[in-house]
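Take a look at the structure below.
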Amino acid sequence: MIRVRFAPSPTGYLHIGGLRTALYNYLFARKNNGAFLLRIEDTDRERFVEGATESLLHIFPRVGLNYDEGPKLIDGKLEQAGNVGPYIQSLRLNLYKTHVMELIEKGHAYYCFCSSDELASQRKEQEMLKLPTKYNRHCLKLTKEEIARKLELNEPHVIRMQVPEGESSFNDVVRGKITINHAEVDDQILLKSDGFPTYHLANVVDDHLMNITHVIRAEEWISSTPKHVLLYQMFGWNAPEFAHLPLLLNSDRSKLSKRQGDVATEDYLEKGYLPEALINFVALMGHNPKGDQELYTLNELVELFDLTKVNPSGAVVNFEKLDWMNAQHMKRKTANELADLCQPFLDRAGKSVDRSVLERVLKVEVERMTTLADIVDRVEMYIAQPEYDAQLLVWKKADEADAKAQLTGVQSIMEALQDTTKEGIEATIKAHIEQNGLSNGNVLWPLRVALSGQSQSPGPFELAEALGKEEVLRRIAVAIAKLS
RNA sequence: GGCCCCAUCGUCUAAUGGUUAGGACACGGGCUUUUCAAGCCUGUAACCGGGGUUCGACUCCCCGUGGGGUCACCA
């Protein structure tokens, strides 16, 4: 059975590139009836932040990427779902230790007692001489006795993999065969002096122990993949398939970074982008399901996903397209759904709006919103009598007297009106215009301004429906008063 | 700099040896129209360069060029 995993380090948020990686893992698993697991790679204790894992975990249910195995927050408590856990690397330290000892016994790894300072100066020297910056294998020359003595004296040490001569290659699902000469590969540290594993060791051990069949991760890992392939060989394990995803890029084509704008998925959610729009958006960077369809649901993406069709080249993130896509997804929602989604934004802005009013407003305003957060400004003219200058009521081809006359005419019609739907209002007022030989502009411009107080706004009929008869009459009266 | 990866409109992409090189965002024009938005129609815009292979190359190969990634006791 196909098993894939998304393995972020706990930064406390999900990078938008990470969202894409997680999504592709998810799509591949679901498409093939496989399992999708989440594993937290928290082996860097220097960057450890209390609570970061927990806060990262919140994003997955929010965007609808549900994993079958991994750490889950249940009633605020961290629990491990699945039977090859725990799925947090800091909880698996013994596993790495026993495995690295196995490598030492097999002669594939060795103790290294060089200090960080020594290594740094070695590197500096190598750089000056324009040599590859690799460990000089100083500690490989140590005798068994010397090593035993140093260990006995508790000298700080790390464990390195001993990279053999030759070359190794692997087949990348999106790029084909990649070969790298071992001369380019450093004797990677596997176990740090604090007893924690490095990414390379932990990743390989866990992927094997968790029966991962496909490693789907970002392109930046390509150059260290030979180390991983070598580790599988040293352990005598079969390596999984690898698929390296193209990078998401800033507009200057560098790796998408925090410096050039928001990169956390959570930030976009806070700005009012819909999870399904975000998913749809990142899905299309690097994979094109159909050719000319742009809007997809998660299920459609699952159905159409093909890992072998992933595009190998990096993709510049076009946030204007995200805006468009978000607007499209919002338009596909009912007023009821949108009201639920917008409510938190109104709450945060301290605006309270009657639910039925909100739904009617949304029906009208969704046409000109790009994010859910836009509702905060857009709702304003519906909940408070707008301020405006009397002159605004006068259509370009008319005068004040005419504006007043038309509003008065509409006023009496509205008072008698029973059907206050948009259609009902429109039919009645259009009939009034036609019967009296009036023009749309003379009547509708002042009416629209009376209702909205703005030079640009939705049309008068939809505004009238959203405002309700009582408010419409009130605003018309205010307008007429302004012209008196 | 070494090594590795990549290369179609400004951006995301389709095309898998034979197309007027298609779609989307953005931009321009038009329709609709009381204004705006939406919608619909439409326009501008691309195969990085050079060699091969082939009857025929965006598609395959090689070399350049350009861009990116990576060279940590970070992932």
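Residue numbering restarts at 1 in every chain; chains get A, B, ... in the order shown in the structure tokens, and ligands count up from 1 in that same order.
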Residues of chain B within 8 Å of chain A: nearest atom pair and distance (Å, one decimal) for each, counting only C-alpha atoms (C1' of nucleotides), sorted by chain and number, as a Markdown table?
```
| residue | atom | partner | partner_atom | distance |
| --- | --- | --- | --- | --- |
| B:G1 | C1' | A:Lys130 | CA | 6.7 |
| B:G2 | C1' | A:Pro132 | CA | 6.3 |
| B:C3 | C1' | A:Glu184 | CA | 6.5 |
| B:C4 | C1' | A:Ser223 | CA | 6.1 |
| B:C5 | C1' | A:Glu219 | CA | 8.0 |
| B:C6 | C1' | A:Ser313 | CA | 5.2 |
| B:A7 | C1' | A:Ser313 | CA | 7.8 |
| B:U11 | C1' | A:Asn318 | CA | 6.0 |
| B:C12 | C1' | A:Met285 | CA | 6.5 |
| B:U13 | C1' | A:Asn288 | CA | 7.0 |
| B:A14 | C1' | A:Gly291 | CA | 5.0 |
| B:G23 | C1' | A:Asp292 | CA | 4.4 |
| B:A24 | C1' | A:Glu294 | CA | 6.5 |
| B:C25 | C1' | A:Lys321 | CA | 4.7 |
| B:A26 | C1' | A:Glu320 | CA | 7.4 |
| B:U34 | C1' | A:Gly441 | CA | 4.3 |
| B:U35 | C1' | A:Gln456 | CA | 4.8 |
| B:C36 | C1' | A:Gln456 | CA | 4.5 |
| B:A37 | C1' | A:Arg368 | CA | 5.1 |
| B:A38 | C1' | A:Glu367 | CA | 5.5 |
| B:G67 | C1' | A:Arg253 | CA | 7.6 |
| B:G68 | C1' | A:Ser254 | CA | 6.9 |
| B:G69 | C1' | A:Glu220 | CA | 5.5 |
| B:U70 | C1' | A:Ser223 | CA | 5.8 |
| B:C71 | C1' | A:Thr133 | CA | 7.0 |
| B:C73 | C1' | A:Lys192 | CA | 4.7 |
| B:C74 | C1' | A:Asp44 | CA | 7.0 |
| B:A75 | C1' | A:Ser9 | CA | 6.3 |
```
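Atom CA of A:Gln411 to atom CA of A:Ala479 spans 10.6 Å [interatomic distance, one decimal].
Straight-line separation from atom CA of A:Val63 to atom CA of A:Val357: 28.3 Å.
Between atom CA of A:Asp389 and atom CA of A:Phe461 the interatomic distance comes to 21.7 Å.
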Within 10 Å of A:Tyr232 using only C-alpha atoms (C1' of nucleotides), minus same-chain residues under 4 positions, as a PDB file with N, CA and C atoms, in the first residue's frame:
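File selection_10.pdb, as written:
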```pdb
ATOM      1  N   LEU A 201      19.521  11.334   9.177  1.00  0.00           N
ATOM      2  CA  LEU A 201      19.360  10.062   9.869  1.00  0.00           C
ATOM      3  C   LEU A 201      17.900   9.833  10.250  1.00  0.00           C
ATOM      4  N   VAL A 204      15.508   9.092   7.305  1.00  0.00           N
ATOM      5  CA  VAL A 204      15.632   7.774   6.688  1.00  0.00           C
ATOM      6  C   VAL A 204      15.113   6.680   7.627  1.00  0.00           C
ATOM      7  N   VAL A 205      15.509   6.764   8.879  1.00  0.00           N
ATOM      8  CA  VAL A 205      15.059   5.759   9.839  1.00  0.00           C
ATOM      9  C   VAL A 205      13.529   5.770   9.941  1.00  0.00           C
ATOM     10  N   HIS A 208      11.643   4.558   6.838  1.00  0.00           N
ATOM     11  CA  HIS A 208      11.672   3.103   6.753  1.00  0.00           C
ATOM     12  C   HIS A 208      10.750   2.459   7.779  1.00  0.00           C
ATOM     13  N   PRO A 226      21.309  11.809  -2.224  1.00  0.00           N
ATOM     14  CA  PRO A 226      22.303  10.721  -2.284  1.00  0.00           C
ATOM     15  C   PRO A 226      22.711  10.229  -0.889  1.00  0.00           C
ATOM     16  N   LYS A 227      22.783  11.132   0.070  1.00  0.00           N
ATOM     17  CA  LYS A 227      23.094  10.713   1.437  1.00  0.00           C
ATOM     18  C   LYS A 227      22.026   9.755   1.945  1.00  0.00           C
ATOM     19  N   HIS A 228      20.801  10.067   1.606  1.00  0.00           N
ATOM     20  CA  HIS A 228      19.706   9.234   2.080  1.00  0.00           C
ATOM     21  C   HIS A 228      19.728   7.881   1.384  1.00  0.00           C
ATOM     22  N   GLY A 236      20.712  -1.668   4.640  1.00  0.00           N
ATOM     23  CA  GLY A 236      20.200  -2.830   3.949  1.00  0.00           C
ATOM     24  C   GLY A 236      18.701  -2.756   3.701  1.00  0.00           C
ATOM     25  N   TRP A 237      18.216  -1.536   3.557  1.00  0.00           N
ATOM     26  CA  TRP A 237      16.789  -1.336   3.329  1.00  0.00           C
ATOM     27  C   TRP A 237      16.530  -0.925   1.886  1.00  0.00           C
ATOM     28  N   ASN A 238      15.296  -1.158   1.444  1.00  0.00           N
ATOM     29  CA  ASN A 238      14.906  -0.637   0.140  1.00  0.00           C
ATOM     30  C   ASN A 238      14.565   0.842   0.282  1.00  0.00           C
ATOM     31  N   ALA A 239      15.059   1.631  -0.631  1.00  0.00           N
ATOM     32  CA  ALA A 239      14.741   3.056  -0.591  1.00  0.00           C
ATOM     33  C   ALA A 239      13.351   3.278  -1.185  1.00  0.00           C
ATOM     34  N   PRO A 240      12.653   4.293  -0.688  1.00  0.00           N
ATOM     35  CA  PRO A 240      11.351   4.628  -1.285  1.00  0.00           C
ATOM     36  C   PRO A 240      11.554   5.328  -2.624  1.00  0.00           C
TER      37      PRO A 240
END
```
Please identify all polymer residues within 10 Å of B:C58, counting only C-alpha atoms (C1' of nucleotides), omitting same-chain residues fewer than 4 positions from it, and present them as a short mmCIF file (atom, residue, chain, number, x, y, z; two decimals) with N, CA and C atoms (P, O5', C5', C4', C3', O3' and C1' of nucleotides), in the first residue's frame.
```cif
data_model
loop_
_atom_site.label_atom_id
_atom_site.label_comp_id
_atom_site.auth_asym_id
_atom_site.auth_seq_id
_atom_site.Cartn_x
_atom_site.Cartn_y
_atom_site.Cartn_z
P U B 8 9.91 28.17 -19.67
"O5'" U B 8 9.06 28.62 -20.95
"C5'" U B 8 9.74 28.81 -22.19
"C4'" U B 8 8.71 29.09 -23.24
"C3'" U B 8 7.63 30.06 -22.80
"O3'" U B 8 8.08 31.40 -22.97
"C1'" U B 8 6.62 28.18 -23.80
P A B 15 0.34 18.77 -21.74
"O5'" A B 15 0.32 18.97 -23.33
"C5'" A B 15 -0.93 19.01 -24.03
"C4'" A B 15 -0.67 19.44 -25.47
"C3'" A B 15 0.36 18.52 -26.11
"O3'" A B 15 -0.09 17.96 -27.33
"C1'" A B 15 1.05 20.83 -26.21
P A B 21 0.78 28.14 -34.96
"O5'" A B 21 0.17 28.65 -33.55
"C5'" A B 21 -0.92 28.00 -32.96
"C4'" A B 21 -0.52 27.44 -31.61
"C3'" A B 21 -0.68 28.39 -30.43
"O3'" A B 21 -2.01 28.44 -29.99
"C1'" A B 21 1.41 27.33 -30.29
P C B 47 9.27 33.74 -28.84
"O5'" C B 47 9.07 32.15 -28.87
"C5'" C B 47 10.16 31.31 -28.53
"C4'" C B 47 9.72 30.36 -27.45
"C3'" C B 47 10.72 29.24 -27.17
"O3'" C B 47 10.83 29.12 -25.76
"C1'" C B 47 8.61 28.34 -27.88
#
```
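Among the residues of stretch 97-129 of chain A, backbone DSSP assigns strand (DSSP E) to Ala109, Tyr110, Tyr111 and Cys112 of chain A.
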Atoms to include: C-alpha atoms. Write the selected residues as a PDB file, in the first residue's frame.
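part.pdb written:
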```pdb
ATOM      1  CA  ALA A 109      29.720   5.332  10.517  1.00  0.00           C
ATOM      2  CA  TYR A 110      32.341   6.645  12.899  1.00  0.00           C
ATOM      3  CA  TYR A 111      32.849   8.810  15.950  1.00  0.00           C
ATOM      4  CA  CYS A 112      34.109  12.314  15.441  1.00  0.00           C
TER       5      CYS A 112
END
```
Next item on the list: Among the residues of stretch 58-125 of chain A, find those DSSP assigns to helix (DSSP H, G or I) from the backbone and print them as a PyMOL selection string.
Entry: chain A and resi 59-63+89-91+93-105+116-125
